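J.: Below is the file coords36.pdb, which contains PDB, C-alpha atoms and all ligand atoms.
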```pdb
ATOM      1  CA  MET A  25       0.000   0.000   0.000  1.00  0.00           C
ATOM      2  CA  SER A  26       2.634   2.482   0.989  1.00  0.00           C
ATOM      3  CA  SER A  27       4.709   1.701  -2.082  1.00  0.00           C
ATOM      4  CA  ILE A  28       1.884   2.998  -4.289  1.00  0.00           C
ATOM      5  CA  LYS A  29       1.642   6.183  -2.271  1.00  0.00           C
ATOM      6  CA  ASN A  30       5.364   6.685  -2.465  1.00  0.00           C
ATOM      7  CA  ALA A  31       5.281   6.306  -6.240  1.00  0.00           C
ATOM      8  CA  VAL A  32       3.309   9.561  -6.562  1.00  0.00           C
ATOM      9  CA  ARG A  33       5.414  12.252  -8.160  1.00  0.00           C
ATOM     10  CA  VAL A  34       4.747  15.887  -8.752  1.00  0.00           C
ATOM     11  CA  PRO A  35       4.497  16.340 -12.512  1.00  0.00           C
ATOM     12  CA  THR A  36       7.385  18.125 -14.141  1.00  0.00           C
ATOM     13  CA  LEU A  37       5.812  19.076 -17.440  1.00  0.00           C
ATOM     14  CA  PRO A  38       4.411  22.612 -17.593  1.00  0.00           C
ATOM     15  CA  ILE A  39       0.846  22.564 -16.379  1.00  0.00           C
ATOM     16  CA  GLU A  40      -1.599  25.190 -17.552  1.00  0.00           C
ATOM     17  CA  ILE A  41      -4.948  25.607 -15.911  1.00  0.00           C
ATOM     18  CA  TRP A  42      -7.667  27.138 -18.023  1.00  0.00           C
ATOM     19  CA  PHE A  43     -11.101  28.322 -17.035  1.00  0.00           C
ATOM     20  CA  GLU A  44     -13.895  28.346 -19.565  1.00  0.00           C
ATOM     21  CA  THR A  45     -17.081  30.349 -19.608  1.00  0.00           C
ATOM     22  CA  GLY A  46     -19.888  30.465 -22.120  1.00  0.00           C
ATOM     23  CA  ALA A  47     -21.151  33.996 -21.664  1.00  0.00           C
ATOM     24  CA  SER A  48     -20.569  37.508 -20.442  1.00  0.00           C
ATOM     25  CA  TYR A  49     -23.325  39.538 -18.853  1.00  0.00           C
ATOM     26  CA  VAL A  50     -24.906  42.943 -18.562  1.00  0.00           C
ATOM     27  CA  TRP A  51     -25.088  44.017 -14.923  1.00  0.00           C
ATOM     28  CA  ASP A  52     -25.928  46.788 -12.518  1.00  0.00           C
ATOM     29  CA  VAL A  53     -25.448  47.460  -8.840  1.00  0.00           C
ATOM     30  CA  CYS A  54     -28.486  47.443  -6.571  1.00  0.00           C
ATOM     31  CA  GLY A  55     -27.624  48.536  -3.034  1.00  0.00           C
ATOM     32  CA  ASP A  56     -24.373  46.646  -2.460  1.00  0.00           C
ATOM     33  CA  ASP A  57     -25.412  43.660  -4.536  1.00  0.00           C
ATOM     34  CA  VAL A  58     -24.708  42.994  -8.180  1.00  0.00           C
ATOM     35  CA  ARG A  59     -27.616  42.145 -10.429  1.00  0.00           C
ATOM     36  CA  ILE A  60     -26.966  40.261 -13.610  1.00  0.00           C
ATOM     37  CA  LEU A  61     -29.560  41.541 -16.058  1.00  0.00           C
ATOM     38  CA  ARG A  62     -29.028  39.506 -19.186  1.00  0.00           C
ATOM     39  CA  VAL A  63     -26.500  37.811 -21.389  1.00  0.00           C
ATOM     40  CA  LYS A  64     -24.359  40.287 -23.235  1.00  0.00           C
ATOM     41  CA  GLU A  65     -22.602  37.757 -25.413  1.00  0.00           C
ATOM     42  CA  ARG A  66     -22.656  33.984 -25.731  1.00  0.00           C
ATOM     43  CA  LYS A  67     -19.259  32.765 -26.731  1.00  0.00           C
ATOM     44  CA  THR A  68     -16.894  30.302 -25.140  1.00  0.00           C
ATOM     45  CA  ARG A  69     -13.869  32.075 -23.804  1.00  0.00           C
ATOM     46  CA  ARG A  70     -10.971  30.823 -21.767  1.00  0.00           C
ATOM     47  CA  PHE A  71      -8.748  32.478 -19.258  1.00  0.00           C
ATOM     48  CA  GLU A  72      -5.714  31.370 -17.415  1.00  0.00           C
ATOM     49  CA  GLY A  73      -6.887  30.174 -14.034  1.00  0.00           C
ATOM     50  CA  LYS A  74      -4.256  32.240 -12.280  1.00  0.00           C
ATOM     51  CA  ASN A  75      -5.465  35.467 -13.920  1.00  0.00           C
ATOM     52  CA  TYR A  76      -9.015  34.601 -12.960  1.00  0.00           C
ATOM     53  CA  LEU A  77      -8.036  33.987  -9.347  1.00  0.00           C
ATOM     54  CA  ASN A  78      -6.032  37.213  -9.160  1.00  0.00           C
ATOM     55  CA  ALA A  79      -8.861  39.231 -10.694  1.00  0.00           C
ATOM     56  CA  LEU A  80     -11.389  37.694  -8.309  1.00  0.00           C
ATOM     57  CA  ILE A  81      -9.236  38.370  -5.261  1.00  0.00           C
ATOM     58  CA  GLU A  82      -8.659  41.973  -6.321  1.00  0.00           C
ATOM     59  CA  VAL A  83     -12.356  42.857  -6.633  1.00  0.00           C
ATOM     60  CA  ALA A  84     -12.907  45.489  -3.937  1.00  0.00           C
ATOM     61  CA  THR A  85     -16.279  47.084  -4.748  1.00  0.00           C
ATOM     62  CA  PRO A  86     -19.618  45.940  -6.163  1.00  0.00           C
ATOM     63  CA  GLU A  87     -18.836  47.898  -9.343  1.00  0.00           C
ATOM     64  CA  GLU A  88     -15.614  45.940  -9.760  1.00  0.00           C
ATOM     65  CA  LEU A  89     -17.567  42.733  -9.247  1.00  0.00           C
ATOM     66  CA  GLY A  90     -19.887  43.852 -12.037  1.00  0.00           C
ATOM     67  CA  ARG A  91     -16.945  44.345 -14.367  1.00  0.00           C
ATOM     68  CA  PHE A  92     -15.591  40.953 -13.319  1.00  0.00           C
ATOM     69  CA  VAL A  93     -18.915  39.324 -14.241  1.00  0.00           C
ATOM     70  CA  GLU A  94     -18.855  41.058 -17.588  1.00  0.00           C
ATOM     71  CA  GLU A  95     -15.372  39.821 -18.366  1.00  0.00           C
ATOM     72  CA  PHE A  96     -15.250  36.383 -16.726  1.00  0.00           C
ATOM     73  CA  GLY A  97     -18.876  35.328 -16.321  1.00  0.00           C
ATOM     74  CA  CYS A  98     -20.793  34.639 -13.123  1.00  0.00           C
ATOM     75  CA  PRO A  99     -18.342  33.312 -10.495  1.00  0.00           C
ATOM     76  CA  ILE A 100     -21.037  31.557  -8.494  1.00  0.00           C
ATOM     77  CA  GLY A 101     -22.096  28.421 -10.312  1.00  0.00           C
ATOM     78  CA  LYS A 102     -25.048  27.639  -8.091  1.00  0.00           C
ATOM     79  CA  TYR A 103     -26.973  30.490  -9.685  1.00  0.00           C
ATOM     80  CA  GLY A 104     -26.785  28.588 -12.947  1.00  0.00           C
ATOM     81  CA  TRP A 105     -29.089  29.531 -15.762  1.00  0.00           C
ATOM     82  CA  PHE A 106     -32.043  30.943 -13.903  1.00  0.00           C
ATOM     83  CA  ASN A 107     -34.244  33.676 -15.154  1.00  0.00           C
ATOM     84  CA  PHE A 108     -32.702  37.090 -15.107  1.00  0.00           C
ATOM     85  CA  PRO A 109     -32.119  39.208 -13.201  1.00  0.00           C
ATOM     86  CA  LEU A 110     -30.104  37.153 -10.770  1.00  0.00           C
ATOM     87  CA  THR A 111     -28.393  38.742  -7.827  1.00  0.00           C
ATOM     88  CA  ILE A 112     -24.952  38.116  -6.398  1.00  0.00           C
ATOM     89  CA  LEU A 113     -25.093  39.190  -2.792  1.00  0.00           C
ATOM     90  CA  TRP A 114     -22.029  41.266  -1.946  1.00  0.00           C
ATOM     91  CA  ASP A 115     -21.682  39.501   1.418  1.00  0.00           C
ATOM     92  CA  ASP A 116     -21.657  36.099  -0.313  1.00  0.00           C
ATOM     93  CA  PHE A 117     -18.911  37.339  -2.562  1.00  0.00           C
ATOM     94  CA  LEU A 118     -16.820  38.633   0.356  1.00  0.00           C
ATOM     95  CA  GLU A 119     -17.174  35.230   2.001  1.00  0.00           C
ATOM     96  CA  ILE A 120     -15.865  33.564  -1.162  1.00  0.00           C
ATOM     97  CA  GLN A 121     -12.865  35.889  -1.314  1.00  0.00           C
ATOM     98  CA  ASP A 122     -12.179  35.188   2.327  1.00  0.00           C
ATOM     99  CA  ARG A 123     -12.206  31.407   1.841  1.00  0.00           C
ATOM    100  CA  LEU A 124      -9.851  31.634  -1.121  1.00  0.00           C
ATOM    101  CA  ARG A 125      -7.450  33.965   0.679  1.00  0.00           C
ATOM    102  CA  LYS A 126      -7.302  31.530   3.573  1.00  0.00           C
ATOM    103  CA  ALA A 127      -6.719  28.571   1.253  1.00  0.00           C
ATOM    104  CA  MET A 128      -3.827  30.442  -0.356  1.00  0.00           C
ATOM    105  CA  VAL A 129      -1.854  30.440   2.876  1.00  0.00           C
ATOM    106  CA  LEU A 130      -3.005  27.226   4.532  1.00  0.00           C
ATOM    107  CA  GLN A 131      -0.848  24.137   4.553  1.00  0.00           C
ATOM    108  CA  ILE A 132      -1.614  22.133   1.447  1.00  0.00           C
ATOM    109  CA  SER A 133      -2.833  19.136   3.451  1.00  0.00           C
ATOM    110  CA  LYS A 134      -5.310  21.386   5.230  1.00  0.00           C
ATOM    111  CA  VAL A 135      -6.554  22.796   1.924  1.00  0.00           C
ATOM    112  CA  LEU A 136      -7.039  19.298   0.553  1.00  0.00           C
ATOM    113  CA  SER A 137      -8.909  18.133   3.635  1.00  0.00           C
ATOM    114  CA  ARG A 138     -11.558  20.866   3.495  1.00  0.00           C
ATOM    115  CA  ASP A 139     -14.974  19.457   2.654  1.00  0.00           C
ATOM    116  CA  GLU A 140     -15.701  22.063   0.001  1.00  0.00           C
ATOM    117  CA  VAL A 141     -12.379  21.241  -1.672  1.00  0.00           C
ATOM    118  CA  LYS A 142     -12.907  17.483  -1.475  1.00  0.00           C
ATOM    119  CA  ALA A 143     -16.240  17.909  -3.200  1.00  0.00           C
ATOM    120  CA  ILE A 144     -14.676  19.447  -6.298  1.00  0.00           C
ATOM    121  CA  VAL A 145     -11.016  18.445  -6.435  1.00  0.00           C
ATOM    122  CA  ASN A 146      -9.702  14.940  -6.308  1.00  0.00           C
ATOM    123  CA  PRO A 147      -5.927  15.284  -6.169  1.00  0.00           C
ATOM    124  CA  ASP A 148      -5.554  11.585  -7.015  1.00  0.00           C
ATOM    125  CA  THR A 149      -7.063  12.034 -10.465  1.00  0.00           C
ATOM    126  CA  PHE A 150      -6.521  15.460 -11.907  1.00  0.00           C
ATOM    127  CA  ASP A 151      -7.904  15.264 -15.409  1.00  0.00           C
ATOM    128  CA  ILE A 152      -4.887  16.641 -17.228  1.00  0.00           C
ATOM    129  CA  LYS A 153      -4.685  16.519 -20.996  1.00  0.00           C
ATOM    130  CA  VAL A 154      -1.303  16.542 -22.613  1.00  0.00           C
ATOM    131  CA  GLU A 155      -0.851  18.697 -25.710  1.00  0.00           C
ATOM    132  CA  ARG A 156       2.189  18.734 -27.886  1.00  0.00           C
ATOM    133  CA  ARG A 157       3.172  22.134 -29.217  1.00  0.00           C
ATOM    134  CA  GLU A 158       6.165  21.943 -31.473  1.00  0.00           C
ATOM    135  CA  GLU A 159       8.708  20.068 -29.384  1.00  0.00           C
ATOM    136  CA  VAL A 160       7.235  20.781 -25.991  1.00  0.00           C
ATOM    137  CA  TYR A 161       4.535  18.942 -24.141  1.00  0.00           C
ATOM    138  CA  TYR A 162       2.100  20.874 -22.013  1.00  0.00           C
ATOM    139  CA  GLY A 163      -0.347  19.560 -19.519  1.00  0.00           C
ATOM    140  CA  THR A 164      -3.629  21.405 -19.625  1.00  0.00           C
ATOM    141  CA  LEU A 165      -6.492  21.238 -17.220  1.00  0.00           C
ATOM    142  CA  THR A 166      -9.735  23.013 -18.044  1.00  0.00           C
ATOM    143  CA  LYS A 167     -12.307  23.954 -15.433  1.00  0.00           C
ATOM    144  CA  ASP A 168     -15.542  25.910 -15.423  1.00  0.00           C
ATOM    145  CA  ALA A 169     -15.021  29.580 -14.723  1.00  0.00           C
ATOM    146  CA  VAL A 170     -16.536  29.572 -11.240  1.00  0.00           C
ATOM    147  CA  TRP A 171     -14.906  30.497  -7.965  1.00  0.00           C
ATOM    148  CA  GLU A 172     -14.527  26.895  -6.736  1.00  0.00           C
ATOM    149  CA  SER A 173     -12.205  26.192  -9.657  1.00  0.00           C
ATOM    150  CA  CYS A 174      -9.743  28.587  -8.023  1.00  0.00           C
ATOM    151  CA  TYR A 175      -8.951  25.835  -5.527  1.00  0.00           C
ATOM    152  CA  THR A 176      -7.408  23.854  -8.359  1.00  0.00           C
ATOM    153  CA  VAL A 177      -5.149  26.801  -9.178  1.00  0.00           C
ATOM    154  CA  ILE A 178      -4.171  27.201  -5.547  1.00  0.00           C
ATOM    155  CA  ILE A 179      -3.443  23.508  -5.127  1.00  0.00           C
ATOM    156  CA  PHE A 180      -1.366  23.295  -8.288  1.00  0.00           C
ATOM    157  CA  GLU A 181       0.582  26.415  -7.463  1.00  0.00           C
ATOM    158  CA  ARG A 182       1.411  24.972  -4.096  1.00  0.00           C
ATOM    159  CA  LEU A 183       2.263  21.527  -5.401  1.00  0.00           C
ATOM    160  CA  LEU A 184       4.456  22.850  -8.190  1.00  0.00           C
ATOM    161  CA  ALA A 185       6.068  25.636  -6.222  1.00  0.00           C
ATOM    162  CA  ASP A 186       9.641  25.250  -5.157  1.00  0.00           C
ATOM    163  CA  THR A 187       8.446  23.517  -2.066  1.00  0.00           C
ATOM    164  CA  LYS A 188       8.987  19.928  -1.152  1.00  0.00           C
ATOM    165  CA  TYR A 189       6.114  17.777  -0.082  1.00  0.00           C
ATOM    166  CA  SER A 190       5.961  14.278   1.137  1.00  0.00           C
ATOM    167  CA  ILE A 191       3.089  11.853   1.489  1.00  0.00           C
ATOM    168  CA  CYS A 192       2.214  10.458   4.872  1.00  0.00           C
ATOM    169  CA  LYS A 193       2.996   6.766   5.339  1.00  0.00           C
ATOM    170  CA  GLU A 194      -0.126   6.360   7.428  1.00  0.00           C
ATOM    171  CA  CYS A 195      -2.840   8.313   5.584  1.00  0.00           C
ATOM    172  CA  PRO A 196      -3.306  10.040   2.195  1.00  0.00           C
ATOM    173  CA  ASN A 197      -2.322  13.498   3.462  1.00  0.00           C
ATOM    174  CA  THR A 198       0.582  15.418   2.077  1.00  0.00           C
ATOM    175  CA  PHE A 199       2.768  17.559   4.250  1.00  0.00           C
ATOM    176  CA  GLN A 200       5.347  20.185   3.596  1.00  0.00           C
ATOM    177  CA  ILE A 201       8.961  19.315   4.287  1.00  0.00           C
ATOM    178  CA  THR A 202      10.187  22.249   6.279  1.00  0.00           C
ATOM    179  CA  SER A 203      13.610  21.097   7.397  1.00  0.00           C
ATOM    180  CA  GLY A 204      16.315  18.622   6.540  1.00  0.00           C
ATOM    181  CA  HIS A 205      14.779  16.218   9.010  1.00  0.00           C
ATOM    182  CA  ARG A 206      12.797  13.619   7.065  1.00  0.00           C
ATOM    183  CA  ARG A 207       9.410  13.255   8.628  1.00  0.00           C
ATOM    184  CA  LYS A 208       7.390  10.205   7.679  1.00  0.00           C
ATOM    185  CA  TYR A 209       3.992  11.263   8.949  1.00  0.00           C
ATOM    186  CA  CYS A 210       1.755  14.251   8.404  1.00  0.00           C
ATOM    187  CA  SER A 211       0.851  14.665  12.053  1.00  0.00           C
ATOM    188  CA  GLU A 212       1.554  13.533  15.583  1.00  0.00           C
ATOM    189  CA  ARG A 213      -1.616  11.489  15.371  1.00  0.00           C
ATOM    190  CA  CYS A 214      -0.444   9.493  12.361  1.00  0.00           C
ATOM    191  CA  ALA A 215       3.004   9.012  13.919  1.00  0.00           C
ATOM    192  CA  HIS A 216       1.297   7.776  17.078  1.00  0.00           C
ATOM    193  CA  ASN A 217      -1.024   5.428  15.136  1.00  0.00           C
ATOM    194  CA  ALA A 218       1.911   3.988  13.231  1.00  0.00           C
ATOM    195  CA  ALA A 219       3.868   3.459  16.475  1.00  0.00           C
ATOM    196  CA  GLN A 220       0.858   1.723  18.061  1.00  0.00           C
ATOM    197  CA  GLN A 221       0.441  -0.483  15.024  1.00  0.00           C
ATOM    198  CA  ALA A 222       4.115  -1.468  15.080  1.00  0.00           C
ATOM    199  CA  PHE A 223       3.872  -2.153  18.800  1.00  0.00           C
ATOM    200  CA  ARG A 224       0.819  -4.414  18.320  1.00  0.00           C
ATOM    201  CA  GLU A 225       2.569  -6.262  15.516  1.00  0.00           C
ATOM    202  CA  ARG A 226       5.587  -6.901  17.719  1.00  0.00           C
ATOM    203  CA  GLU A 227       3.336  -8.104  20.568  1.00  0.00           C
ATOM    204  CA  ASN A 228       1.519 -10.438  18.178  1.00  0.00           C
ATOM    205  CA  GLU A 229       4.805 -11.846  16.971  1.00  0.00           C
ATOM    206  CA  LYS A 230       5.941 -12.413  20.551  1.00  0.00           C
ATOM    207  CA  SER A 231       2.742 -14.197  21.597  1.00  0.00           C
ATOM    208  CA  LYS A 232       2.788 -16.309  18.441  1.00  0.00           C
ATOM    209  CA  ASN A 233       6.340 -17.378  19.258  1.00  0.00           C
ATOM    210  CA  LYS A 234       5.384 -18.143  22.866  1.00  0.00           C
ATOM    211  CA  LYS A 235       2.366 -20.190  21.763  1.00  0.00           C
ATOM    212  CA  SER A 236       4.343 -22.160  19.242  1.00  0.00           C
ATOM    213  CA  LYS A 237       6.943 -22.970  21.899  1.00  0.00           C
ATOM    214  CA  ARG A 238       4.277 -24.001  24.402  1.00  0.00           C
ATOM    215  CA  LEU A 239       2.374 -26.143  21.955  1.00  0.00           C
ATOM    216  CA  THR A 240       3.293 -29.761  22.174  1.00  0.00           C
ATOM    217  CA  PRO A 241       2.345 -32.203  19.478  1.00  0.00           C
ATOM    218  CA  ARG A 242      -0.555 -34.452  20.379  1.00  0.00           C
TER     219      ARG A 242
HETATM  220 ZN    ZN B 301      -1.155  11.119   8.106  1.00  0.00          ZN
END
```
Turn this file's structure into structure tokens for me.
Ligand SMILES: [Zn+2]
T.:
Amino acid sequence: MSSIKNAVRVPTLPIEIWFETGASYVWDVCGDDVRILRVKERKTRRFEGKNYLNALIEVATPEELGRFVEEFGCPIGKYGWFNFPLTILWDDFLEIQDRLRKAMVLQISKVLSRDEVKAIVNPDTFDIKVERREEVYYGTLTKDAVWESCYTVIIFERLLADTKYSICKECPNTFQITSGHRRKYCSERCAHNAAQQAFRERENEKSKNKKSKRLTPR
């Protein structure tokens, strides 16, 4: 089991993350909230995920959110294709920014263990397509242009940054290697579990040996 985990390698080909959206919108601001009035243009467009994330994080006023919607589409997928107008509550949007900002600085294992991240990102099976351009291969990953997709950008940036990660020998978590000392486990808990397990195995061995010595052939 652990040999499979240890075989995981961070990819070394360039990975590009793209976000796709099918429309841009006409909007206005109502109170502090942004109303999306109608589709301005239906046309599939793609953006680099990183640019999308940066633009989303930089939005500081409802007007800027309106311009974001016009350029990148509606960042909140749950609104889907309802009848217009649909309203993005400014407080909802601030909450989204807050979650992303936190994810950007959290330990990668903590990001991956968040329920909302688990629901949309499976780091075991990133659906990367490989494209050959001239002599160079690129990995591309395309996501819907909604805020949750930003987690993929954050995770990839962290995994591919000049930071070393290791995979816990006890559970699927990754952890950052922060010193020359080679840790084997993501947490004290996993280290403790592993020690307990080893202890039980040794005890089992001992009692087996005792039994086999005690046993006399009938
Ligand atoms: Zn662990």
J.: Kindly compile the residues surrounding ligand ZN 301 (chain B) within 6 Å, counting all atoms listed in the file, and format them as a PyMOL selection string.
T.: chain A and resi 192+194-195+197+209-211+214
J.: So how far away is CA of Tyr76 (chain A) from CA of Gly97 (chain A), in Å?
T.: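 Computing it gives 10.4 Å between the two atoms.
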J.: Could you list, as a ChimeraX atom specification, every residue matched by the PyMOL selection byres (((chain A and resi 127-141) around 7) and not hetatm) in this structure?
T.: /A:123-126,142-145,175,178-179,182,197-199
J.: For C-alpha atoms, I'd like the residues from the last selection saved as a JSON list (two decimals), in the coordinates of the input.
T.:
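Listed below is the output, selection-v2.json:
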```json
[["chain", "number", "residue", "atom", "x", "y", "z"],
["A", 123, "ARG", "CA", -12.21, 31.41, 1.84],
["A", 124, "LEU", "CA", -9.85, 31.63, -1.12],
["A", 125, "ARG", "CA", -7.45, 33.97, 0.68],
["A", 126, "LYS", "CA", -7.30, 31.53, 3.57],
["A", 142, "LYS", "CA", -12.91, 17.48, -1.48],
["A", 143, "ALA", "CA", -16.24, 17.91, -3.20],
["A", 144, "ILE", "CA", -14.68, 19.45, -6.30],
["A", 145, "VAL", "CA", -11.02, 18.44, -6.44],
["A", 175, "TYR", "CA", -8.95, 25.84, -5.53],
["A", 178, "ILE", "CA", -4.17, 27.20, -5.55],
["A", 179, "ILE", "CA", -3.44, 23.51, -5.13],
["A", 182, "ARG", "CA", 1.41, 24.97, -4.10],
["A", 197, "ASN", "CA", -2.32, 13.50, 3.46],
["A", 198, "THR", "CA", 0.58, 15.42, 2.08],
["A", 199, "PHE", "CA", 2.77, 17.56, 4.25]]
```
J.: Considering all atoms listed in the file, state which residue in the set A:Asp122, A:Cys54, A:Leu165, A:Glu82 is at the smallest distance from Arg70 (chain A).
T.: A:Leu165
J.: Near Gly163 (chain A), counting all atoms listed in the file, which residues have an atom at most 8 Å away, once you skip same-chain residues fewer than 6 positions from it, shown as a list of chain:residue names?
T.: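 Answer for this query is A:Leu37, A:Pro38, A:Ile39, A:Glu40, A:Ile152, A:Lys153, A:Val154, A:Glu155.
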J.: Selection in question (the file shown): the PyMOL selection byres (((chain A and resi 92) around 10) and not hetatm). Which residues does it include, as JSON, numbers by chain?
T.: {"A": [48, 49, 76, 79, 80, 82, 83, 86, 87, 88, 89, 90, 91, 93, 94, 95, 96, 97, 98, 99]}
J.: Would you pick out the contacts of Lys167 (chain A) at 8 Å or less, using only C-alpha atoms, so that residues sharing its chain but fewer than 5 positions from it are not included, and give the list as a list in words?
T.: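 The filter keeps Ile41, Trp42, Phe43, Glu44 and Ser173 of chain A.
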J.: I'd like a table as CSV: residues in region 79-117 of chain A with an atom no more than 8 Å from region 61-65 of chain A, each row giving the shortest atom pair and its distance in Å to one decimal, all atoms listed in the file counted, sorted by chain and rising residue number.
T.:
```
residue,atom,partner,partner_atom,distance
A:Glu94,CA,A:Lys64,CA,7.9
A:Phe108,CA,A:Leu61,CA,5.5
A:Pro109,CA,A:Leu61,CA,4.5
A:Leu110,CA,A:Leu61,CA,6.9
```
J.: For a test of reading the model, state the distance in Å between CA of Gln220 (chain A) and CA of Lys232 (chain A), rounded to one decimal.
T.: 18.1 Å
J.: Can you tell me, as a PyMOL selection string, what residues are no more than 8 Å from region 113-119 of chain A when counting all atoms listed in the file, ignoring any on the same chain fewer than 5 positions away?
T.: chain A and resi 56-58+86
J.: How far is it from CA of Glu158 (chain A) to CA of Gly73 (chain A), in Å with one decimal?
T.: 23.3 Å
J.: If the PyMOL selection byres (((chain A and resi 46) around 6) and not hetatm) were run on this exact file, what residues would it hold? Put them as a PyMOL selection string.
T.: chain A and resi 45+47+66-68
J.: Given 4 Å of margin on each side, can you work out the centre and size in Å (one decimal) of an axis-aligned box holding every listed atom of region 136-139 of chain A, as JSON?
T.:
```
{"center_x": -11.0, "center_y": 19.5, "center_z": 2.1, "size_x": 15.9, "size_y": 10.7, "size_z": 11.1}
```
J.: Using all atoms listed in the file, which of A:Arg206, A:Asn233, A:Gln221, A:Thr176 sits nearest Ser190 (chain A)?
T.: A:Arg206
J.: Taking only C-alpha atoms into account, which of A:Asp148, A:Glu172, A:Glu229, A:Asp52 comes nearest Ile112 (chain A)?
T.: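 Checking each of A:Asp148, A:Glu172, A:Glu229, A:Asp52 against Ile112 (chain A), counting only C-alpha atoms, the winner is A:Asp52.
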